[in-house]
Structure formats: structure tokens, C-alpha cells
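Colleague: You'll find upload-v4.pdb just under this line, and it carries PDB, C-alpha atoms.
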```
ATOM      1  CA  MET A1145     -20.196  21.819  17.242
ATOM      2  CA  ALA A1146     -22.884  24.334  18.193
ATOM      3  CA  GLY A1147     -26.446  23.060  18.193
ATOM      4  CA  TYR A1148     -27.478  19.594  17.133
ATOM      5  CA  GLU A1149     -26.664  19.786  13.437
ATOM      6  CA  ILE A1150     -23.253  18.579  12.326
ATOM      7  CA  ASP A1151     -21.682  20.772   9.669
ATOM      8  CA  PRO A1152     -22.339  18.836   6.423
ATOM      9  CA  CYS A1153     -18.911  19.716   5.028
ATOM     10  CA  GLU A1154     -17.286  18.337   8.153
ATOM     11  CA  LYS A1155     -19.174  15.095   7.724
ATOM     12  CA  CYS A1156     -18.236  14.998   4.060
ATOM     13  CA  GLU A1157     -14.590  15.424   5.028
ATOM     14  CA  GLU A1158     -14.866  12.442   7.368
ATOM     15  CA  TRP A1159     -16.355  10.387   4.561
ATOM     16  CA  MET A1160     -13.749  11.212   1.957
ATOM     17  CA  GLN A1161     -11.369   8.325   2.621
ATOM     18  CA  PRO A1162     -14.011   5.610   2.982
ATOM     19  CA  TYR A1163     -15.868   7.055  -0.017
ATOM     20  CA  LEU A1164     -12.824   6.816  -2.266
ATOM     21  CA  ASP A1165     -12.091   3.350  -0.869
ATOM     22  CA  ARG A1166     -15.689   2.368  -1.658
ATOM     23  CA  ALA A1167     -16.140   1.471   1.969
ATOM     24  CA  LEU A1168     -19.224   3.589   2.731
ATOM     25  CA  ASP A1169     -22.586   1.880   3.004
ATOM     26  CA  ASP A1170     -25.211   2.730   0.375
ATOM     27  CA  ASN A1171     -27.053   5.320   2.476
ATOM     28  CA  GLU A1172     -23.878   7.162   3.374
ATOM     29  CA  ARG A1173     -22.650   7.081  -0.191
ATOM     30  CA  VAL A1174     -25.907   8.542  -1.507
ATOM     31  CA  GLU A1175     -25.815  11.241   1.147
ATOM     32  CA  ALA A1176     -22.184  12.067   0.361
ATOM     33  CA  GLU A1177     -22.903  12.272  -3.366
ATOM     34  CA  LYS A1178     -25.906  14.511  -2.749
ATOM     35  CA  HIS A1179     -23.728  16.864  -0.770
ATOM     36  CA  LEU A1180     -20.886  16.755  -3.319
ATOM     37  CA  ALA A1181     -23.260  17.591  -6.184
ATOM     38  CA  GLY A1182     -24.111  20.889  -4.533
ATOM     39  CA  CYS A1183     -20.867  21.762  -2.789
ATOM     40  CA  SER A1184     -17.891  22.708  -4.956
ATOM     41  CA  HIS A1185     -15.759  23.250  -1.841
ATOM     42  CA  CYS A1186     -15.954  19.546  -0.956
ATOM     43  CA  ALA A1187     -16.063  18.296  -4.553
ATOM     44  CA  ARG A1188     -12.768  20.036  -5.299
ATOM     45  CA  ARG A1189     -11.153  18.456  -2.261
ATOM     46  CA  TYR A1190     -12.388  15.005  -3.254
ATOM     47  CA  ARG A1191     -10.947  15.427  -6.745
ATOM     48  CA  PHE A1192      -7.678  16.607  -5.254
ATOM     49  CA  GLU A1193      -7.539  13.521  -3.054
ATOM     50  CA  GLU A1194      -8.038  11.273  -6.063
ATOM     51  CA  SER A1195      -5.261  12.996  -8.012
ATOM     52  CA  LEU A1196      -3.048  12.864  -4.948
ATOM     53  CA  ARG A1197      -3.524   9.124  -4.587
ATOM     54  CA  GLN A1198      -2.629   8.563  -8.232
ATOM     55  CA  PHE A1199       0.384  10.780  -7.886
ATOM     56  CA  VAL A1200       1.591   9.019  -4.739
ATOM     57  CA  ARG A1201       1.303   5.669  -6.491
ATOM     58  CA  LYS A1202       3.230   6.924  -9.503
ATOM     59  CA  ALA A1203       5.887   8.741  -7.499
ATOM     60  CA  CYS A1204       6.545   5.737  -5.276
ATOM     61  CA  SER A1205       6.791   3.133  -8.002
ATOM     62  CA  GLU A1206      10.418   2.263  -8.384
ATOM     63  CA  GLN A1207      11.445  -0.341 -10.928
ATOM     64  CA  MET A1208      13.567  -3.237  -9.789
ATOM     65  CA  SER A1209      16.976  -3.596 -11.395
ATOM     66  CA  PRO A1210      17.518  -6.205 -14.123
ATOM     67  CA  GLU A1211      20.319  -7.621 -11.928
ATOM     68  CA  LEU A1212      17.898  -8.354  -9.122
ATOM     69  CA  LYS A1213      15.530  -9.965 -11.581
ATOM     70  CA  GLN A1214      18.320 -12.278 -12.709
ATOM     71  CA  LYS A1215      19.252 -13.090  -9.143
ATOM     72  CA  LEU A1216      15.683 -14.068  -8.384
ATOM     73  CA  ALA A1217      15.487 -16.305 -11.422
ATOM     74  CA  ALA A1218      18.724 -17.962 -10.296
ATOM     75  CA  LEU A1219      17.069 -18.910  -7.009
ATOM     76  CA  ARG A1220      14.780 -21.348  -8.816
ATOM     77  CA  THR A1221      15.151 -25.013  -8.110
ATOM     78  CA  PRO A1222      17.383 -26.549 -10.765
ATOM     79  CA  LEU A1223      15.578 -29.101 -12.911
TER      80      LEU A1223
ATOM     81  CA  MET B 134       2.871 -54.952  -9.713
ATOM     82  CA  SER B 135       6.034 -53.250  -8.548
ATOM     83  CA  GLU B 136       6.379 -51.772 -12.000
ATOM     84  CA  THR B 137       3.029 -49.993 -11.785
ATOM     85  CA  THR B 138       3.927 -48.648  -8.357
ATOM     86  CA  GLU B 139       7.109 -47.283  -9.810
ATOM     87  CA  ASP B 140       5.185 -45.795 -12.702
ATOM     88  CA  GLY B 141       2.828 -44.141 -10.275
ATOM     89  CA  ALA B 142       5.682 -42.752  -8.250
ATOM     90  CA  ALA B 143       7.356 -41.433 -11.383
ATOM     91  CA  ARG B 144       4.139 -39.810 -12.514
ATOM     92  CA  ARG B 145       3.658 -38.173  -9.147
ATOM     93  CA  LEU B 146       7.209 -36.926  -9.217
ATOM     94  CA  ALA B 147       6.741 -35.476 -12.690
ATOM     95  CA  ALA B 148       3.486 -33.805 -11.685
ATOM     96  CA  ASP B 149       5.176 -32.405  -8.610
ATOM     97  CA  ALA B 150       7.974 -30.952 -10.711
ATOM     98  CA  ARG B 151       5.466 -29.415 -13.108
ATOM     99  CA  ASN B 152       3.578 -27.792 -10.233
ATOM    100  CA  ARG B 153       6.769 -26.455  -8.775
ATOM    101  CA  VAL B 154       7.877 -24.988 -12.087
ATOM    102  CA  ARG B 155       4.501 -23.349 -12.550
ATOM    103  CA  PHE B 156       4.630 -21.947  -9.020
ATOM    104  CA  GLU B 157       8.083 -20.502  -9.564
ATOM    105  CA  GLU B 158       7.098 -18.914 -12.848
ATOM    106  CA  GLU B 159       3.991 -17.337 -11.396
ATOM    107  CA  ALA B 160       5.944 -16.038  -8.409
ATOM    108  CA  LEU B 161       8.614 -14.523 -10.649
ATOM    109  CA  GLU B 162       5.990 -12.794 -12.758
ATOM    110  CA  LEU B 163       4.925 -10.938  -9.629
ATOM    111  CA  SER B 164       8.421  -9.849  -8.673
ATOM    112  CA  ASP B 165       8.065  -6.301 -10.014
ATOM    113  CA  GLN B 166       5.011  -5.746  -7.887
ATOM    114  CA  VAL B 167       6.608  -7.360  -4.854
ATOM    115  CA  TYR B 168       9.673  -5.178  -5.232
ATOM    116  CA  ARG B 169       7.626  -2.023  -5.606
ATOM    117  CA  VAL B 170       5.964  -2.638  -2.250
ATOM    118  CA  ALA B 171       9.183  -3.818  -0.580
ATOM    119  CA  ARG B 172      11.013  -0.702  -1.677
ATOM    120  CA  ARG B 173       8.619   1.518   0.267
ATOM    121  CA  LEU B 174       8.506  -0.671   3.346
ATOM    122  CA  VAL B 175      12.215  -0.253   3.988
ATOM    123  CA  SER B 176      14.462   2.752   3.722
ATOM    124  CA  SER B 177      17.087   1.772   1.176
ATOM    125  CA  ARG B 178      17.247   0.102  -2.198
ATOM    126  CA  GLU B 179      19.831  -2.398  -0.895
ATOM    127  CA  GLU B 180      17.591  -3.405   1.974
ATOM    128  CA  ALA B 181      14.680  -3.866  -0.400
ATOM    129  CA  GLU B 182      16.745  -6.003  -2.760
ATOM    130  CA  ASP B 183      17.978  -8.214   0.095
ATOM    131  CA  LEU B 184      14.497  -8.591   1.419
ATOM    132  CA  VAL B 185      13.036  -9.543  -1.945
ATOM    133  CA  GLN B 186      15.787 -12.095  -2.541
ATOM    134  CA  GLU B 187      15.289 -13.625   0.876
ATOM    135  CA  THR B 188      11.561 -13.724   0.253
ATOM    136  CA  TYR B 189      11.930 -15.578  -3.034
ATOM    137  CA  ALA B 190      14.478 -17.991  -1.595
ATOM    138  CA  ARG B 191      12.037 -18.859   1.174
ATOM    139  CA  ALA B 192       9.035 -18.962  -1.155
ATOM    140  CA  PHE B 193      10.770 -21.399  -3.500
ATOM    141  CA  ARG B 194      11.744 -23.608  -0.560
ATOM    142  CA  SER B 195       8.284 -23.702   0.928
ATOM    143  CA  TRP B 196       6.183 -23.577  -2.228
ATOM    144  CA  ARG B 197       4.174 -26.578  -1.066
ATOM    145  CA  SER B 198       2.595 -24.559   1.710
ATOM    146  CA  PHE B 199       0.986 -22.234  -0.847
ATOM    147  CA  THR B 200      -2.613 -23.165  -1.637
ATOM    148  CA  PRO B 201      -3.142 -22.960  -5.405
ATOM    149  CA  GLY B 202      -5.981 -20.653  -6.348
ATOM    150  CA  THR B 203      -5.373 -18.271  -3.440
ATOM    151  CA  ASN B 204      -3.667 -14.895  -3.729
ATOM    152  CA  LEU B 205      -0.004 -15.578  -4.474
ATOM    153  CA  ARG B 206       0.991 -11.919  -4.357
ATOM    154  CA  ALA B 207      -0.442 -11.603  -0.843
ATOM    155  CA  TRP B 208       1.289 -14.858   0.153
ATOM    156  CA  LEU B 209       4.648 -13.507  -1.010
ATOM    157  CA  LEU B 210       4.110 -10.212   0.766
ATOM    158  CA  ARG B 211       3.229 -12.046   3.945
ATOM    159  CA  ILE B 212       6.608 -13.812   3.823
ATOM    160  CA  LEU B 213       8.299 -10.522   3.080
ATOM    161  CA  THR B 214       6.730  -8.578   5.927
ATOM    162  CA  ASN B 215       7.487 -11.405   8.372
ATOM    163  CA  LEU B 216      11.118 -11.456   7.299
ATOM    164  CA  ASN B 217      11.225  -7.720   7.671
ATOM    165  CA  ILE B 218       9.905  -7.959  11.216
ATOM    166  CA  ASP B 219      12.331 -10.811  12.015
ATOM    167  CA  ARG B 220      15.157  -8.524  11.056
ATOM    168  CA  GLY B 221      14.312  -6.545  14.116
ATOM    169  CA  ARG B 222      13.208  -3.541  12.214
ATOM    170  CA  ARG B 223      10.527  -2.915  14.744
ATOM    171  CA  LYS B 224      12.437  -2.264  17.914
ATOM    172  CA  GLN B 225      10.366   0.791  18.485
ATOM    173  CA  ARG B 226       6.653   0.302  18.372
ATOM    174  CA  THR B 227       4.615   3.210  17.285
ATOM    175  CA  PRO B 228       1.566   3.872  19.381
ATOM    176  CA  ASP B 229      -1.687   4.032  17.463
ATOM    177  CA  GLU B 230      -2.569   7.195  19.270
ATOM    178  CA  GLN B 231      -0.637  10.175  18.024
ATOM    179  CA  PRO B 232      -1.935  13.673  18.374
ATOM    180  CA  LEU B 233      -3.161  14.674  14.971
ATOM    181  CA  GLU B 234      -5.697  17.428  14.743
ATOM    182  CA  GLU B 235      -5.723  17.962  11.012
ATOM    183  CA  GLY B 236      -8.618  16.589   9.003
ATOM    184  CA  ASP B 237      -8.536  15.102   5.541
ATOM    185  CA  TYR B 238      -8.911  18.415   3.721
ATOM    186  CA  PHE B 239      -5.832  19.744   5.490
ATOM    187  CA  LEU B 240      -3.277  19.362   2.699
ATOM    188  CA  TYR B 241      -5.514  20.863   0.047
ATOM    189  CA  ASN B 242      -6.378  23.768   2.299
ATOM    190  CA  ARG B 243      -2.721  24.444   2.974
ATOM    191  CA  LEU B 244      -1.707  24.196  -0.680
ATOM    192  CA  GLU B 245      -4.591  26.308  -1.846
ATOM    193  CA  SER B 246      -3.971  29.083   0.644
ATOM    194  CA  SER B 247      -0.316  29.239  -0.375
ATOM    195  CA  THR B 248      -1.125  29.346  -4.079
ATOM    196  CA  ARG B 249      -1.297  32.820  -5.534
ATOM    197  CA  ASP B 250      -3.850  31.782  -8.093
ATOM    198  CA  GLY B 251      -6.820  31.142  -5.855
ATOM    199  CA  ASN B 252      -8.715  29.372  -8.636
ATOM    200  CA  ALA B 253      -6.030  26.809  -9.463
ATOM    201  CA  ASP B 254      -7.599  23.486 -10.297
ATOM    202  CA  GLU B 255      -6.887  20.330  -8.342
ATOM    203  CA  GLU B 256      -4.466  18.863 -10.864
ATOM    204  CA  ARG B 257      -2.331  21.975 -10.721
ATOM    205  CA  VAL B 258      -2.344  21.922  -6.953
ATOM    206  CA  VAL B 259      -1.094  18.322  -6.957
ATOM    207  CA  GLU B 260       1.678  19.297  -9.349
ATOM    208  CA  ARG B 261       3.127  21.564  -6.693
ATOM    209  CA  LEU B 262       4.340  18.393  -4.996
ATOM    210  CA  SER B 263       7.488  16.786  -6.340
ATOM    211  CA  GLN B 264       8.231  13.083  -6.528
ATOM    212  CA  ASP B 265      10.940  13.645  -3.915
ATOM    213  CA  ASP B 266       8.462  15.320  -1.582
ATOM    214  CA  ILE B 267       6.251  12.273  -1.771
ATOM    215  CA  VAL B 268       8.956   9.671  -1.335
ATOM    216  CA  THR B 269      10.506  11.470   1.656
ATOM    217  CA  ALA B 270       7.140  12.226   3.198
ATOM    218  CA  LEU B 271       6.110   8.574   2.958
ATOM    219  CA  SER B 272       9.362   7.412   4.492
ATOM    220  CA  SER B 273       8.783   9.603   7.518
ATOM    221  CA  VAL B 274       5.421   8.039   8.298
ATOM    222  CA  PRO B 275       5.925   5.667  11.296
ATOM    223  CA  HIS B 276       6.248   1.998  10.295
ATOM    224  CA  ASP B 277       2.962   0.656  11.567
ATOM    225  CA  PHE B 278       1.025   3.248   9.613
ATOM    226  CA  ARG B 279       3.279   3.222   6.591
ATOM    227  CA  ASP B 280       3.024  -0.554   6.105
ATOM    228  CA  VAL B 281      -0.720  -0.283   5.663
ATOM    229  CA  VAL B 282      -0.559   2.772   3.406
ATOM    230  CA  VAL B 283       2.063   1.081   1.230
ATOM    231  CA  LEU B 284       0.108  -2.168   0.927
ATOM    232  CA  VAL B 285      -3.220  -0.511   0.132
ATOM    233  CA  ASP B 286      -2.273   2.654  -1.758
ATOM    234  CA  ILE B 287       0.827   1.470  -3.580
ATOM    235  CA  GLY B 288       0.417  -2.309  -3.609
ATOM    236  CA  ASP B 289      -3.301  -2.159  -4.360
ATOM    237  CA  PHE B 290      -4.175  -4.733  -1.728
ATOM    238  CA  THR B 291      -7.656  -4.860  -0.235
ATOM    239  CA  TYR B 292      -8.183  -4.154   3.481
ATOM    240  CA  GLN B 293      -8.701  -7.897   3.900
ATOM    241  CA  ASP B 294      -5.427  -8.813   2.173
ATOM    242  CA  ALA B 295      -3.532  -6.200   4.169
ATOM    243  CA  ALA B 296      -5.006  -7.612   7.387
ATOM    244  CA  GLN B 297      -3.825 -11.106   6.485
ATOM    245  CA  ILE B 298      -0.401  -9.989   5.329
ATOM    246  CA  LEU B 299       0.266  -8.025   8.519
ATOM    247  CA  ASP B 300      -1.677 -10.401  10.752
ATOM    248  CA  ILE B 301      -3.769  -7.654  12.306
ATOM    249  CA  PRO B 302      -7.556  -7.213  12.496
ATOM    250  CA  ILE B 303      -9.252  -5.481   9.583
ATOM    251  CA  GLY B 304     -10.452  -2.695  11.882
ATOM    252  CA  THR B 305      -6.836  -1.956  12.732
ATOM    253  CA  VAL B 306      -5.994  -1.844   9.023
ATOM    254  CA  MET B 307      -8.705   0.735   8.487
ATOM    255  CA  SER B 308      -7.752   2.953  11.404
ATOM    256  CA  ARG B 309      -4.029   2.803  10.590
ATOM    257  CA  LEU B 310      -4.726   3.533   6.948
ATOM    258  CA  HIS B 311      -6.852   6.498   7.885
ATOM    259  CA  ARG B 312      -4.238   7.915  10.246
ATOM    260  CA  GLY B 313      -1.337   6.950   8.001
ATOM    261  CA  ARG B 314      -2.775   8.914   5.105
ATOM    262  CA  ARG B 315      -3.314  11.912   7.352
ATOM    263  CA  ILE B 316       0.231  11.732   8.665
ATOM    264  CA  LEU B 317       1.450  11.504   5.060
ATOM    265  CA  LYS B 318      -0.475  14.648   4.182
ATOM    266  CA  ARG B 319       0.923  16.507   7.146
ATOM    267  CA  GLU B 320       4.448  15.484   6.110
ATOM    268  CA  LEU B 321       3.719  16.543   2.541
ATOM    269  CA  ALA B 322       2.475  19.920   3.678
ATOM    270  CA  ASP B 323       5.652  20.443   5.706
ATOM    271  CA  ARG B 324       7.767  19.604   2.677
ATOM    272  CA  ALA B 325       5.844  21.401  -0.009
ATOM    273  CA  ILE B 326       5.080  24.549   1.889
ATOM    274  CA  GLY B 327       7.505  24.511   4.769
ATOM    275  CA  GLU B 328       6.623  24.502   8.411
ATOM    276  CA  THR B 329       4.874  27.550   9.662
TER     277      THR B 329
END
```
What is this structure when it is put down as C-alpha cells?
Modeller:
Amino acid sequence: MAGYEIDPCEKCEEWMQPYLDRALDDNERVEAEKHLAGCSHCARRYRFEESLRQFVRKACSEQMSPELKQKLAALRTPL
Amino acid sequence: MSETTEDGAARRLAADARNRVRFEEEALELSDQVYRVARRLVSSREEAEDLVQETYARAFRSWRSFTPGTNLRAWLLRILTNLNIDRGRRKQRTPDEQPLEEGDYFLYNRLESSTRDGNADEERVVERLSQDDIVTALSSVPHDFRDVVVLVDIGDFTYQDAAQILDIPIGTVMSRLHRGRRILKRELADRAIGET
């Protein structure tokens, strides 16, 4: 926090979530990508975050039982 | 004259039945996705199954209040989260402000520094986490934050959908998501590396 310049890696860290959510505005996105192209430290952490998100999704996906599926179908209004 | 009125009524009835059948079929096609989200919103499989059944029972009863052409999956999840709240799950409210100093690179930094091979690539670093680590870590994220993380990161809902499902402003969705993911990473670090 010394001086007036914000550490670019710190800013890039702040942008990681909105960047991966595609929630940055165009200027911020361009600036983030410019930084990532020249900074392997940040680029590696962005790639890790992407893999982590995929892994979380996979790890947390539990199939429903066929019994429950049948029970749900049985809730339908009889014709 | 009365015959045509009867015909009209019969036609309307038939059309109504067709719409209902279509609604029920479309809702059932989404049940895997609804269950997947439900399972992570509550702590046990039984609870999730009850909740999904209750949701479908209510959805089938009140199918007329669904507007065709809108997001049915979000509509079902809205019923589900309301039922979940009605069950009194949320006796304890979690404050939005929790001390949390770690930034978003925190987990990677921790995993990397505890990996002997300093040059391990990102995929390998992720593989140090087990499925169990992730499931337990997610379940220890406080409800308010977890709901948003589950809807967006597991259920693939947009910020906007999540806001409607949980009936909270979109800004709140974004801040809870942000914090929820950070809390998740802190929990993961504790599990994968152990507290230091």
C-alpha cells in the first residue's frame, strides 16, 4: 500500500472471480488480460481457479436415486 | 347453442390437460439438476430427497402459476429454497461480515508452498484435493454464502437467477458469492493441508 501505485498482482487477484464469471467491464478485462499475458504468477493462479471450479462441480454432483425418480413420477396428476 | 358451449368447454379442458402434462414432463426432465442443487443445500441425502419430493408435489399442484417460456429450473429451485427456509433451517442467521483476510490466491499459495515439487502444474495441485475434502468443505460454509455458491457454481445459475431464487438483490448475490468462495477455499486449505 506504499505510494500511489496499487500492486498490479494484487489488483489481478481482486479481478479473478469477476473475470472468470465474465463480470468485468471491457476495460478491466483488457487490463487483466494484458497483465496475465506477462505474469505467470497470476496466470497460474487463474488456471488453478478454473480447474478448481470444475473439480468442485464434479465432486459435488451426486446422482439422485432411481427410487426418488420413481416417487417423483408418481406425484404426477393422474389422467 | 348449448352444444357449442359444451364443445368449447371440452376443448379448453383438453388443452388444459395437455398443458399440464407438458409441464409435468418438463419439470421431471429437470429433476436430476434440481436434486444435484438440493443435495448441496442441505446436509443429508434424506433431507434432500424429502425436499425434492415436496418441491415436485407443490410444483404439480400450482403448475398454473408458472409462466410458460420463463426459466422452469429457476422456478422449481425457488419453490425448493422457500420450502427449505420454511422448515426453519435458518434459525441462525449468518452475518455478511465475517473476518476473512485471505485473498483469492490463498488456496493456491498454500497448496503450492506445501508441495515438494515447486513446479507442479495447476492440474496436479488441484488433484491434491479429494472429493471428500470438497464436499465437507462446502458443507461447512455458512448457509447464506453456501446457497449462492451452490446455485451459481454447481447449479450453473446466473447471478440474476440466483437473486430471484433467493429473493435477494443481485449485489448481495455477488458479495456472498465472492465471500462464499473464499470461505470455501479457506475450508479446503484446512482440510487438504491441515491447520497451521
Colleague: When you get a sec, could you note down which chain A residues fall within 7 Å of chain B, using all atoms listed in the file, as a JSON list (two decimals) with C-alpha atoms, in the frame of the given file?
Modeller:
```json
[["chain", "number", "residue", "atom", "x", "y", "z"],
["A", 1157, "GLU", "CA", -14.59, 15.42, 5.03],
["A", 1188, "ARG", "CA", -12.77, 20.04, -5.30],
["A", 1189, "ARG", "CA", -11.15, 18.46, -2.26],
["A", 1191, "ARG", "CA", -10.95, 15.43, -6.74],
["A", 1192, "PHE", "CA", -7.68, 16.61, -5.25],
["A", 1195, "SER", "CA", -5.26, 13.00, -8.01],
["A", 1196, "LEU", "CA", -3.05, 12.86, -4.95],
["A", 1200, "VAL", "CA", 1.59, 9.02, -4.74],
["A", 1201, "ARG", "CA", 1.30, 5.67, -6.49],
["A", 1203, "ALA", "CA", 5.89, 8.74, -7.50],
["A", 1204, "CYS", "CA", 6.54, 5.74, -5.28],
["A", 1205, "SER", "CA", 6.79, 3.13, -8.00],
["A", 1206, "GLU", "CA", 10.42, 2.26, -8.38],
["A", 1207, "GLN", "CA", 11.44, -0.34, -10.93],
["A", 1208, "MET", "CA", 13.57, -3.24, -9.79],
["A", 1212, "LEU", "CA", 17.90, -8.35, -9.12],
["A", 1216, "LEU", "CA", 15.68, -14.07, -8.38],
["A", 1219, "LEU", "CA", 17.07, -18.91, -7.01],
["A", 1220, "ARG", "CA", 14.78, -21.35, -8.82]]
```
Colleague: Give as a ChimeraX atom specification the set of residues within 12 Å of the point (-8.8, -1.8, 8.9), where distances use the file's coordinates and all atoms listed in the file.
Modeller: /A:1162,1165,1167 /B:278,281-282,284-285,290-297,299-313
Colleague: Please enumerate the residues selected by the PyMOL selection byres ((chain A and resi 1155) around 12) when evaluated against the supplied file, formatted as an MDAnalysis selection string.
Modeller: (chainID A and resid 1145 1149:1154 1156:1163 1172:1173 1175:1176 1179:1180 1186) or (chainID B and resid 236:238)
Colleague: Deliver the residues from the most recent selection as a file, using C-alpha atoms, as a CSV table (one decimal), in the coordinates of the input.
Modeller:
```csv
chain,number,residue,atom,x,y,z
A,1145,MET,CA,-20.2,21.8,17.2
A,1149,GLU,CA,-26.7,19.8,13.4
A,1150,ILE,CA,-23.3,18.6,12.3
A,1151,ASP,CA,-21.7,20.8,9.7
A,1152,PRO,CA,-22.3,18.8,6.4
A,1153,CYS,CA,-18.9,19.7,5.0
A,1154,GLU,CA,-17.3,18.3,8.2
A,1156,CYS,CA,-18.2,15.0,4.1
A,1157,GLU,CA,-14.6,15.4,5.0
A,1158,GLU,CA,-14.9,12.4,7.4
A,1159,TRP,CA,-16.4,10.4,4.6
A,1160,MET,CA,-13.7,11.2,2.0
A,1161,GLN,CA,-11.4,8.3,2.6
A,1162,PRO,CA,-14.0,5.6,3.0
A,1163,TYR,CA,-15.9,7.1,0.0
A,1172,GLU,CA,-23.9,7.2,3.4
A,1173,ARG,CA,-22.6,7.1,-0.2
A,1175,GLU,CA,-25.8,11.2,1.1
A,1176,ALA,CA,-22.2,12.1,0.4
A,1179,HIS,CA,-23.7,16.9,-0.8
A,1180,LEU,CA,-20.9,16.8,-3.3
A,1186,CYS,CA,-16.0,19.5,-1.0
B,236,GLY,CA,-8.6,16.6,9.0
B,237,ASP,CA,-8.5,15.1,5.5
B,238,TYR,CA,-8.9,18.4,3.7
```
Colleague: Would you kindly return, as an mmCIF file with C-alpha atoms, keeping the file's coordinate frame, each protein, DNA or RNA residue with an atom no farther than 8 Å from any atom of stretch 199-206 of chain B, considering only C-alpha atoms and excluding same-chain residues fewer than 3 positions away?
Modeller:
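Dumped everything to around36.cif:
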```
data_model
loop_
_atom_site.group_PDB
_atom_site.id
_atom_site.type_symbol
_atom_site.label_atom_id
_atom_site.label_comp_id
_atom_site.auth_asym_id
_atom_site.auth_seq_id
_atom_site.Cartn_x
_atom_site.Cartn_y
_atom_site.Cartn_z
ATOM 1 C CA ALA B 160 5.944 -16.038 -8.409
ATOM 2 C CA LEU B 163 4.925 -10.938 -9.629
ATOM 3 C CA VAL B 167 6.608 -7.360 -4.854
ATOM 4 C CA SER B 195 8.284 -23.702 0.928
ATOM 5 C CA TRP B 196 6.183 -23.577 -2.228
ATOM 6 C CA LEU B 209 4.648 -13.507 -1.010
ATOM 7 C CA LEU B 210 4.110 -10.212 0.766
#
```
Colleague: Could you please determine the separation between atom CA of B:Glu245 and atom CA of A:Ala1181 in Å, to one decimal place?
Modeller: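 So the answer is 21.1 Å.
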Colleague: Draw an axis-aligned box tight on the listed atoms of stretch 278-285 of chain B, then pad every side by 5 Å and write out centre and edge lengths in Å to one decimal as JSON.
Modeller:
```
{"center_x": 0.0, "center_y": 0.5, "center_z": 4.9, "size_x": 16.5, "size_y": 15.4, "size_z": 19.5}
```
Colleague: When you draw a straight line from atom CA of B:Asp323 to atom CA of B:Arg261, how long is it in Å?
Modeller: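 According to the coordinates, atom CA of B:Asp323 and atom CA of B:Arg261 are separated by 12.7 Å.
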Colleague: What is the distance, in Å and to one decimal place, between atom CA of B:Glu179 and atom CA of A:Gln1198?
Modeller: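 That distance, rounded to one decimal, is 26.0 Å.
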